[in-house]
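Peer 1: Please read through the structure below; I'll follow up with questions.
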Amino acid sequence: MVARNGTTVAGDAAARSGVVTPERGEPRRLRVALVQLTVHDGEPATNLERATAVIRAAAPADLYVLPELWTTGYAHDVWARVADRETPAIVESLAALAAERGAYIAGSMVSRDERGALVNRLWLVPPTGAAPVHYDKGHLFAPMGEARHLSPGSRRVVTPLGGWRAGLSICFDLRFPEMYRADALDGAELFLVVSAWPAARAEAQRVLARARAIENQAFVVLCNRVGTAADGTRFDGGSIVVAPDGSIAADAGDIEGVARATLDAAAIRALRRQMPLLELRREGLDWDAGHGPRGLASPGGPAAARLPDDQPAHPAPEGPVAAST
């Protein structure tokens, strides 16, 4: 494995009224590690073994991030079986690994929702033994067969993560800026993105990730798959950490490896004091009049599952994932 160090982003600023901003006080830093893996399609046991070995060998971090569908790739024929028989056990394995490493572990896997439908679910597993947080991919990507096999999620998730607030998203979501703006207004300081973004559109992913960071003055932590899939689709990695000003704090390149960066919340405060974009939004221009002061896309639209710091969102069940909420 190749370890690449990112820079620590720092600064200073003050919070403003009307928008949920990072709290002042003790410095808050978060060490993140992007675990850019070659995924073996349809082989969850192999992928779990590899991911576990890489995380155990990696330098200490507060958050390890795996790619989208890192256990199966787009092997549609195994999705139902894996969701029923293997995903619940893999979540338990990640919980044990998170406790061992003293860190959060994130990555998406095919899972069952509370109705028993297949979903592309981003699991955020804490190191404390508390129930994992999950987000179900809301924007399904038809060219990769998601729309034929999966049900879309219906709500955003903004959740505590190591003293920070993180908005959760998956791959194709990155093309929908309204979702990220709503998360930022709900207090997200970083956007956690897991991805299986093909090489043919790699530059688009990079541009979109930087745009989401710049326009919301928040960090983007994005981990993408690398290697060639069973159907010949090529993934060139490009996992990155983007600072609130759009600069690249860590880049995993185009080979399997681990890229690291340390996030500093002071960078967000500094940038938002210098240029308070969220506060300068105008009713009638940036959101429709009458749709509320927060400027969400539509009245009655999906709100984030935003919980207090001591309460995780979407607790995982003790039983099968099919029974989860």
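Labels used: A, B, ... for chains in the order of the structure tokens, numbers from 1 for residues in each chain, and numbers from 1 for ligands as shown.
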Select from region 88-303 of chain A everything DSSP, run on the backbone, classes as helix (DSSP H, G or I), then give the selection as JSON, numbers by chain.

Peer 2: {"A": [88, 89, 90, 91, 92, 93, 94, 95, 96, 97, 98, 99, 100, 101, 142, 143, 144, 146, 147, 148, 149, 171, 172, 173, 174, 175, 177, 178, 179, 180, 181, 182, 183, 184, 185, 199, 200, 201, 202, 203, 204, 205, 206, 207, 208, 209, 210, 211, 212, 213, 214, 215, 216, 266, 267, 268, 269, 270, 271, 272, 273, 274]}

Peer 1: Set the distance at 8 Å and use only C-alpha atoms: which residues neighbour Gly238 (chain A) once local chain neighbours fewer than 6 positions away are removed? I'd like the list as a VMD selection string.

Peer 2: chain A and resid 202 206 223 to 224 251 to 254

Peer 1: Using only C-alpha atoms, which protein or nucleic acid residues come within 7 Å of region 68-78 of chain A? Drop anything in the same chain fewer than 6 positions from it, and give the result as a PyMOL selection string.

Peer 2: chain A and resi 39-44+47-48+107-110+170+194-196+224

Peer 1: Write to file, as a tab-separated table (two decimals), in the first residue's frame, the residues of the selection just made, with all heavy atoms.

Peer 2:
chain	number	residue	atom	x	y	z
A	39	VAL	N	-11.66	-3.12	-6.12
A	39	VAL	CA	-12.80	-3.94	-5.68
A	39	VAL	C	-12.92	-5.17	-6.58
A	39	VAL	O	-12.91	-5.05	-7.81
A	39	VAL	CB	-14.10	-3.12	-5.72
A	39	VAL	CG1	-15.30	-3.99	-5.37
A	39	VAL	CG2	-14.00	-1.93	-4.77
A	40	HIS	N	-13.02	-6.33	-5.96
A	40	HIS	CA	-13.25	-7.57	-6.70
A	40	HIS	C	-14.75	-7.82	-6.77
A	40	HIS	O	-15.39	-8.15	-5.77
A	40	HIS	CB	-12.52	-8.74	-6.03
A	40	HIS	CG	-11.04	-8.57	-5.99
A	40	HIS	ND1	-10.21	-8.99	-7.02
A	40	HIS	CD2	-10.23	-7.98	-5.07
A	40	HIS	CE1	-8.96	-8.69	-6.72
A	40	HIS	NE2	-8.94	-8.08	-5.54
A	41	ASP	N	-15.32	-7.65	-7.95
A	41	ASP	CA	-16.77	-7.71	-8.11
A	41	ASP	C	-17.34	-9.05	-7.65
A	41	ASP	O	-16.84	-10.12	-8.05
A	41	ASP	CB	-17.15	-7.48	-9.57
A	41	ASP	CG	-16.89	-6.05	-10.02
A	41	ASP	OD1	-16.79	-5.17	-9.15
A	41	ASP	OD2	-16.77	-5.81	-11.24
A	42	GLY	N	-18.38	-8.97	-6.83
A	42	GLY	CA	-19.08	-10.18	-6.39
A	42	GLY	C	-18.34	-11.02	-5.38
A	42	GLY	O	-18.74	-12.16	-5.14
A	43	GLU	N	-17.28	-10.49	-4.74
A	43	GLU	CA	-16.47	-11.27	-3.79
A	43	GLU	C	-16.36	-10.54	-2.45
A	43	GLU	O	-15.30	-10.03	-2.09
A	43	GLU	CB	-15.08	-11.53	-4.36
A	43	GLU	CG	-15.08	-12.29	-5.67
A	43	GLU	CD	-13.68	-12.55	-6.20
A	43	GLU	OE1	-12.74	-12.63	-5.38
A	43	GLU	OE2	-13.52	-12.65	-7.42
A	44	PRO	N	-17.44	-10.48	-1.68
A	44	PRO	CA	-17.41	-9.72	-0.44
A	44	PRO	C	-16.38	-10.21	0.57
A	44	PRO	O	-15.78	-9.40	1.28
A	44	PRO	CB	-18.84	-9.85	0.10
A	44	PRO	CG	-19.44	-11.01	-0.62
A	44	PRO	CD	-18.77	-11.06	-1.96
A	47	ASN	N	-12.99	-8.88	-0.48
A	47	ASN	CA	-12.90	-7.44	-0.29
A	47	ASN	C	-12.83	-7.06	1.18
A	47	ASN	O	-12.10	-6.13	1.55
A	47	ASN	CB	-14.10	-6.76	-0.95
A	47	ASN	CG	-14.07	-6.89	-2.46
A	47	ASN	OD1	-13.02	-6.76	-3.09
A	47	ASN	ND2	-15.22	-7.16	-3.06
A	48	LEU	N	-13.56	-7.77	2.03
A	48	LEU	CA	-13.50	-7.50	3.46
A	48	LEU	C	-12.11	-7.81	4.01
A	48	LEU	O	-11.55	-7.03	4.79
A	48	LEU	CB	-14.55	-8.32	4.21
A	48	LEU	CG	-14.51	-8.23	5.74
A	48	LEU	CD1	-14.75	-6.80	6.20
A	48	LEU	CD2	-15.54	-9.18	6.36
A	107	GLY	N	-18.28	3.42	4.45
A	107	GLY	CA	-18.27	2.85	3.11
A	107	GLY	C	-19.66	2.35	2.79
A	107	GLY	O	-20.46	2.08	3.70
A	108	SER	N	-20.01	2.25	1.50
A	108	SER	CA	-21.36	1.80	1.17
A	108	SER	C	-21.38	0.34	0.76
A	108	SER	O	-20.43	-0.17	0.17
A	108	SER	CB	-21.99	2.69	0.08
A	108	SER	OG	-21.81	2.16	-1.21
A	109	MET	N	-22.51	-0.30	1.10
A	109	MET	CA	-22.73	-1.71	0.76
A	109	MET	C	-24.18	-1.89	0.35
A	109	MET	O	-25.06	-1.17	0.83
A	109	MET	CB	-22.43	-2.62	1.95
A	109	MET	CG	-21.00	-2.61	2.42
A	109	MET	SD	-20.74	-3.69	3.84
A	109	MET	CE	-21.26	-2.62	5.18
A	110	VAL	N	-24.45	-2.86	-0.49
A	110	VAL	CA	-25.83	-3.18	-0.81
A	110	VAL	C	-26.46	-3.76	0.46
A	110	VAL	O	-25.88	-4.61	1.14
A	110	VAL	CB	-25.92	-4.15	-2.00
A	110	VAL	CG1	-25.27	-5.49	-1.70
A	110	VAL	CG2	-27.35	-4.33	-2.45
A	170	ILE	N	-23.43	9.75	-1.64
A	170	ILE	CA	-22.85	8.66	-2.42
A	170	ILE	C	-22.76	9.06	-3.89
A	170	ILE	O	-23.78	9.36	-4.52
A	170	ILE	CB	-23.66	7.36	-2.28
A	170	ILE	CG1	-23.77	6.92	-0.82
A	170	ILE	CG2	-23.05	6.25	-3.13
A	170	ILE	CD1	-24.66	5.69	-0.59
A	194	VAL	N	-18.73	8.64	-0.69
A	194	VAL	CA	-18.12	7.39	-1.14
A	194	VAL	C	-18.55	7.18	-2.59
A	194	VAL	O	-19.68	7.49	-2.96
A	194	VAL	CB	-18.51	6.20	-0.24
A	194	VAL	CG1	-18.02	6.44	1.18
A	194	VAL	CG2	-20.00	5.94	-0.26
A	195	SER	N	-17.65	6.62	-3.41
A	195	SER	CA	-17.89	6.70	-4.84
A	195	SER	C	-17.35	5.49	-5.60
A	195	SER	O	-16.38	4.86	-5.19
A	195	SER	CB	-17.21	7.99	-5.37
A	195	SER	OG	-17.45	8.17	-6.73
A	196	ALA	N	-18.04	5.20	-6.71
A	196	ALA	CA	-17.53	4.28	-7.75
A	196	ALA	C	-17.71	5.03	-9.07
A	196	ALA	O	-18.59	4.72	-9.86
A	196	ALA	CB	-18.28	2.96	-7.73
A	224	ASN	N	-12.94	7.06	-3.79
A	224	ASN	CA	-13.40	6.43	-5.02
A	224	ASN	C	-12.70	5.09	-5.22
A	224	ASN	O	-11.57	4.87	-4.76
A	224	ASN	CB	-13.14	7.34	-6.21
A	224	ASN	CG	-13.86	6.90	-7.46
A	224	ASN	OD1	-15.01	6.49	-7.41
A	224	ASN	ND2	-13.19	6.98	-8.60

Peer 1: Go through A:Thr233, A:Ala61, A:Val242, A:Ser151 one by one, measure the shortest atom-to-atom distance of each to Phe191 (chain A) using only C-alpha atoms, and give the residue with the smallest value.

Peer 2: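 Residue with the minimum atom-to-atom distance to Phe191 (chain A): A:Val242.
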
Peer 1: Go through A:Leu37, A:Val125, A:Arg28, A:Leu192 and flag the residue nearest Val226 (chain A), using only C-alpha atoms for the distances.

Peer 2: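 So, comparing all the options, the nearest one is A:Leu37.
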
Peer 1: I'd like to know which of A:Ala249, A:Ala147, A:Leu278, A:Leu285 is closest to Asp183 (chain A), using only C-alpha atoms.

Peer 2: A:Leu278

Peer 1: When DSSP works through the backbone of this structure, what residues of region 105-243 of chain A end up as strand (DSSP E), shown as a count of residues only?

Peer 2: 52

Peer 1: For each of A:Gly284, A:Pro67, A:Gly246, A:Pro143, take the minimum atom-to-atom distance to Leu271 (chain A), counting only C-alpha atoms, then give the residue where this is smallest.

Peer 2: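 Closest to Leu271 (chain A), using only C-alpha atoms: A:Gly246.
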
Peer 1: Need to verify the contact set: Ala211 (chain A), 10 Å, only C-alpha atoms, exclusion of same-chain residues closer than 3 positions in sequence. Can you return it as a list in words?

Peer 2: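 Near Ala211 (chain A), the qualifying residues are Leu174, Pro177, Gln205, Arg206, Val207, Leu208, Ile214, Glu215, Asn216, Gln217, Val220, Val242, Pro244, Asp245 and Gly246 of chain A.
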
Peer 1: Go ahead and save the picked residues with all heavy atoms, as an mmCIF file, in the first residue's frame.

Peer 2:
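Output (selection-v4.cif):
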data_model
loop_
_atom_site.group_PDB
_atom_site.id
_atom_site.type_symbol
_atom_site.label_atom_id
_atom_site.label_comp_id
_atom_site.auth_asym_id
_atom_site.auth_seq_id
_atom_site.Cartn_x
_atom_site.Cartn_y
_atom_site.Cartn_z
ATOM 1 N N LEU A 174 -23.321 13.726 -6.003
ATOM 2 C CA LEU A 174 -22.427 14.874 -6.138
ATOM 3 C C LEU A 174 -22.895 15.848 -7.219
ATOM 4 O O LEU A 174 -22.545 17.026 -7.198
ATOM 5 C CB LEU A 174 -21.019 14.370 -6.460
ATOM 6 C CG LEU A 174 -19.820 15.253 -6.133
ATOM 7 C CD1 LEU A 174 -19.784 15.621 -4.660
ATOM 8 C CD2 LEU A 174 -18.528 14.533 -6.534
ATOM 9 N N PRO A 177 -26.357 19.834 -6.404
ATOM 10 C CA PRO A 177 -25.829 20.781 -5.408
ATOM 11 C C PRO A 177 -26.823 21.182 -4.338
ATOM 12 O O PRO A 177 -26.434 21.545 -3.228
ATOM 13 C CB PRO A 177 -25.415 21.987 -6.262
ATOM 14 C CG PRO A 177 -26.220 21.878 -7.513
ATOM 15 C CD PRO A 177 -26.365 20.405 -7.768
ATOM 16 N N GLN A 205 -15.900 14.400 -11.683
ATOM 17 C CA GLN A 205 -15.966 14.149 -10.246
ATOM 18 C C GLN A 205 -15.104 15.132 -9.476
ATOM 19 O O GLN A 205 -15.524 15.696 -8.453
ATOM 20 C CB GLN A 205 -15.516 12.721 -9.928
ATOM 21 C CG GLN A 205 -15.473 12.435 -8.431
ATOM 22 C CD GLN A 205 -15.032 11.018 -8.104
ATOM 23 O OE1 GLN A 205 -15.728 10.299 -7.419
ATOM 24 N NE2 GLN A 205 -13.876 10.633 -8.591
ATOM 25 N N ARG A 206 -13.905 15.370 -9.959
ATOM 26 C CA ARG A 206 -12.977 16.275 -9.272
ATOM 27 C C ARG A 206 -13.530 17.708 -9.245
ATOM 28 O O ARG A 206 -13.481 18.386 -8.211
ATOM 29 C CB ARG A 206 -11.622 16.229 -9.972
ATOM 30 C CG ARG A 206 -10.482 16.880 -9.187
ATOM 31 C CD ARG A 206 -9.175 16.698 -9.938
ATOM 32 N NE ARG A 206 -8.041 17.175 -9.187
ATOM 33 C CZ ARG A 206 -7.309 16.435 -8.376
ATOM 34 N NH1 ARG A 206 -7.623 15.167 -8.199
ATOM 35 N NH2 ARG A 206 -6.270 16.948 -7.738
ATOM 36 N N VAL A 207 -14.045 18.154 -10.382
ATOM 37 C CA VAL A 207 -14.594 19.506 -10.460
ATOM 38 C C VAL A 207 -15.800 19.656 -9.540
ATOM 39 O O VAL A 207 -15.937 20.652 -8.817
ATOM 40 C CB VAL A 207 -14.961 19.853 -11.915
ATOM 41 C CG1 VAL A 207 -15.757 21.152 -11.975
ATOM 42 C CG2 VAL A 207 -13.705 19.963 -12.772
ATOM 43 N N LEU A 208 -16.701 18.673 -9.556
ATOM 44 C CA LEU A 208 -17.890 18.739 -8.727
ATOM 45 C C LEU A 208 -17.540 18.726 -7.237
ATOM 46 O O LEU A 208 -18.158 19.445 -6.439
ATOM 47 C CB LEU A 208 -18.826 17.585 -9.060
ATOM 48 C CG LEU A 208 -19.505 17.661 -10.431
ATOM 49 C CD1 LEU A 208 -20.140 16.325 -10.787
ATOM 50 C CD2 LEU A 208 -20.543 18.767 -10.463
ATOM 51 N N ILE A 214 -16.307 24.621 -2.294
ATOM 52 C CA ILE A 214 -16.192 26.070 -2.421
ATOM 53 C C ILE A 214 -17.520 26.761 -2.133
ATOM 54 O O ILE A 214 -17.576 27.738 -1.380
ATOM 55 C CB ILE A 214 -15.696 26.443 -3.834
ATOM 56 C CG1 ILE A 214 -14.252 25.975 -4.037
ATOM 57 C CG2 ILE A 214 -15.803 27.949 -4.069
ATOM 58 C CD1 ILE A 214 -13.786 26.033 -5.480
ATOM 59 N N GLU A 215 -18.603 26.259 -2.724
ATOM 60 C CA GLU A 215 -19.876 26.970 -2.614
ATOM 61 C C GLU A 215 -20.485 26.878 -1.229
ATOM 62 O O GLU A 215 -21.293 27.724 -0.830
ATOM 63 C CB GLU A 215 -20.864 26.447 -3.665
ATOM 64 C CG GLU A 215 -21.304 25.017 -3.477
ATOM 65 C CD GLU A 215 -21.869 24.404 -4.748
ATOM 66 O OE1 GLU A 215 -21.774 25.057 -5.808
ATOM 67 O OE2 GLU A 215 -22.375 23.273 -4.691
ATOM 68 N N ASN A 216 -20.089 25.842 -0.459
ATOM 69 C CA ASN A 216 -20.608 25.673 0.898
ATOM 70 C C ASN A 216 -19.574 25.946 1.975
ATOM 71 O O ASN A 216 -19.886 25.852 3.165
ATOM 72 C CB ASN A 216 -21.160 24.254 1.073
ATOM 73 C CG ASN A 216 -22.363 23.999 0.193
ATOM 74 O OD1 ASN A 216 -23.404 24.623 0.382
ATOM 75 N ND2 ASN A 216 -22.213 23.115 -0.777
ATOM 76 N N GLN A 217 -18.337 26.247 1.577
ATOM 77 C CA GLN A 217 -17.249 26.542 2.510
ATOM 78 C C GLN A 217 -17.134 25.437 3.557
ATOM 79 O O GLN A 217 -17.143 25.659 4.765
ATOM 80 C CB GLN A 217 -17.472 27.910 3.145
ATOM 81 C CG GLN A 217 -17.468 29.031 2.109
ATOM 82 C CD GLN A 217 -17.882 30.363 2.666
ATOM 83 O OE1 GLN A 217 -18.861 30.458 3.406
ATOM 84 N NE2 GLN A 217 -17.166 31.421 2.332
ATOM 85 N N VAL A 220 -14.733 18.480 1.742
ATOM 86 C CA VAL A 220 -15.252 17.310 1.041
ATOM 87 C C VAL A 220 -14.246 16.185 1.210
ATOM 88 O O VAL A 220 -13.058 16.344 0.891
ATOM 89 C CB VAL A 220 -15.491 17.584 -0.453
ATOM 90 C CG1 VAL A 220 -15.813 16.280 -1.195
ATOM 91 C CG2 VAL A 220 -16.623 18.583 -0.645
ATOM 92 N N VAL A 242 -10.905 17.809 -0.123
ATOM 93 C CA VAL A 242 -10.940 19.181 -0.606
ATOM 94 C C VAL A 242 -11.182 20.105 0.575
ATOM 95 O O VAL A 242 -12.101 19.889 1.368
ATOM 96 C CB VAL A 242 -12.043 19.393 -1.663
ATOM 97 C CG1 VAL A 242 -11.937 20.793 -2.276
ATOM 98 C CG2 VAL A 242 -11.967 18.329 -2.751
ATOM 99 N N PRO A 244 -12.148 23.868 2.391
ATOM 100 C CA PRO A 244 -13.277 24.767 2.139
ATOM 101 C C PRO A 244 -13.027 25.825 1.068
ATOM 102 O O PRO A 244 -13.981 26.366 0.510
ATOM 103 C CB PRO A 244 -13.512 25.420 3.509
ATOM 104 C CG PRO A 244 -12.988 24.440 4.492
ATOM 105 C CD PRO A 244 -11.808 23.811 3.832
ATOM 106 N N ASP A 245 -11.771 26.130 0.780
ATOM 107 C CA ASP A 245 -11.479 27.099 -0.271
ATOM 108 C C ASP A 245 -11.274 26.447 -1.635
ATOM 109 O O ASP A 245 -10.944 27.116 -2.611
ATOM 110 C CB ASP A 245 -10.241 27.928 0.084
ATOM 111 C CG ASP A 245 -8.967 27.090 0.187
ATOM 112 O OD1 ASP A 245 -9.040 25.842 0.013
ATOM 113 O OD2 ASP A 245 -7.894 27.673 0.453
ATOM 114 N N GLY A 246 -11.487 25.126 -1.716
ATOM 115 C CA GLY A 246 -11.356 24.404 -2.974
ATOM 116 C C GLY A 246 -9.999 23.819 -3.233
ATOM 117 O O GLY A 246 -9.810 23.097 -4.223
#

Peer 1: Neighbouring residues of region 185-190 of chain A were defined as those with any atom within 6 Å, considering only C-alpha atoms; residues of the same chain fewer than 5 positions away were excluded. Please report them as number ranges by chain.

Peer 2: A: 20, 165-167, 218-220

Peer 1: Any chance you can output those residues with N, CA, C and O atoms as a compact mmCIF listing (two decimals), in the first residue's frame?

Peer 2:
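Wrote out-v4.txt, looks like this:
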# COMPACT_ATOMS: atom_id res chain seq x y z
N VAL A 20 -26.06 27.67 10.79
CA VAL A 20 -25.36 26.79 11.72
C VAL A 20 -23.90 26.72 11.31
O VAL A 20 -23.56 26.28 10.21
N ARG A 165 -19.78 17.77 12.34
CA ARG A 165 -21.06 17.39 11.77
C ARG A 165 -20.83 17.09 10.30
O ARG A 165 -20.26 17.91 9.56
N ALA A 166 -21.26 15.90 9.88
CA ALA A 166 -20.98 15.41 8.53
C ALA A 166 -22.27 15.17 7.77
O ALA A 166 -23.22 14.58 8.31
N GLY A 167 -22.31 15.61 6.52
CA GLY A 167 -23.38 15.27 5.60
C GLY A 167 -22.96 14.07 4.78
O GLY A 167 -21.86 14.04 4.23
N ALA A 218 -17.03 24.22 3.06
CA ALA A 218 -16.94 23.03 3.90
C ALA A 218 -15.93 22.06 3.28
O ALA A 218 -15.57 22.20 2.10
N PHE A 219 -15.46 21.11 4.06
CA PHE A 219 -14.57 20.08 3.56
C PHE A 219 -15.35 19.03 2.77
O PHE A 219 -16.50 18.72 3.11
N VAL A 220 -14.73 18.48 1.74
CA VAL A 220 -15.25 17.31 1.04
C VAL A 220 -14.25 16.19 1.21
O VAL A 220 -13.06 16.34 0.89
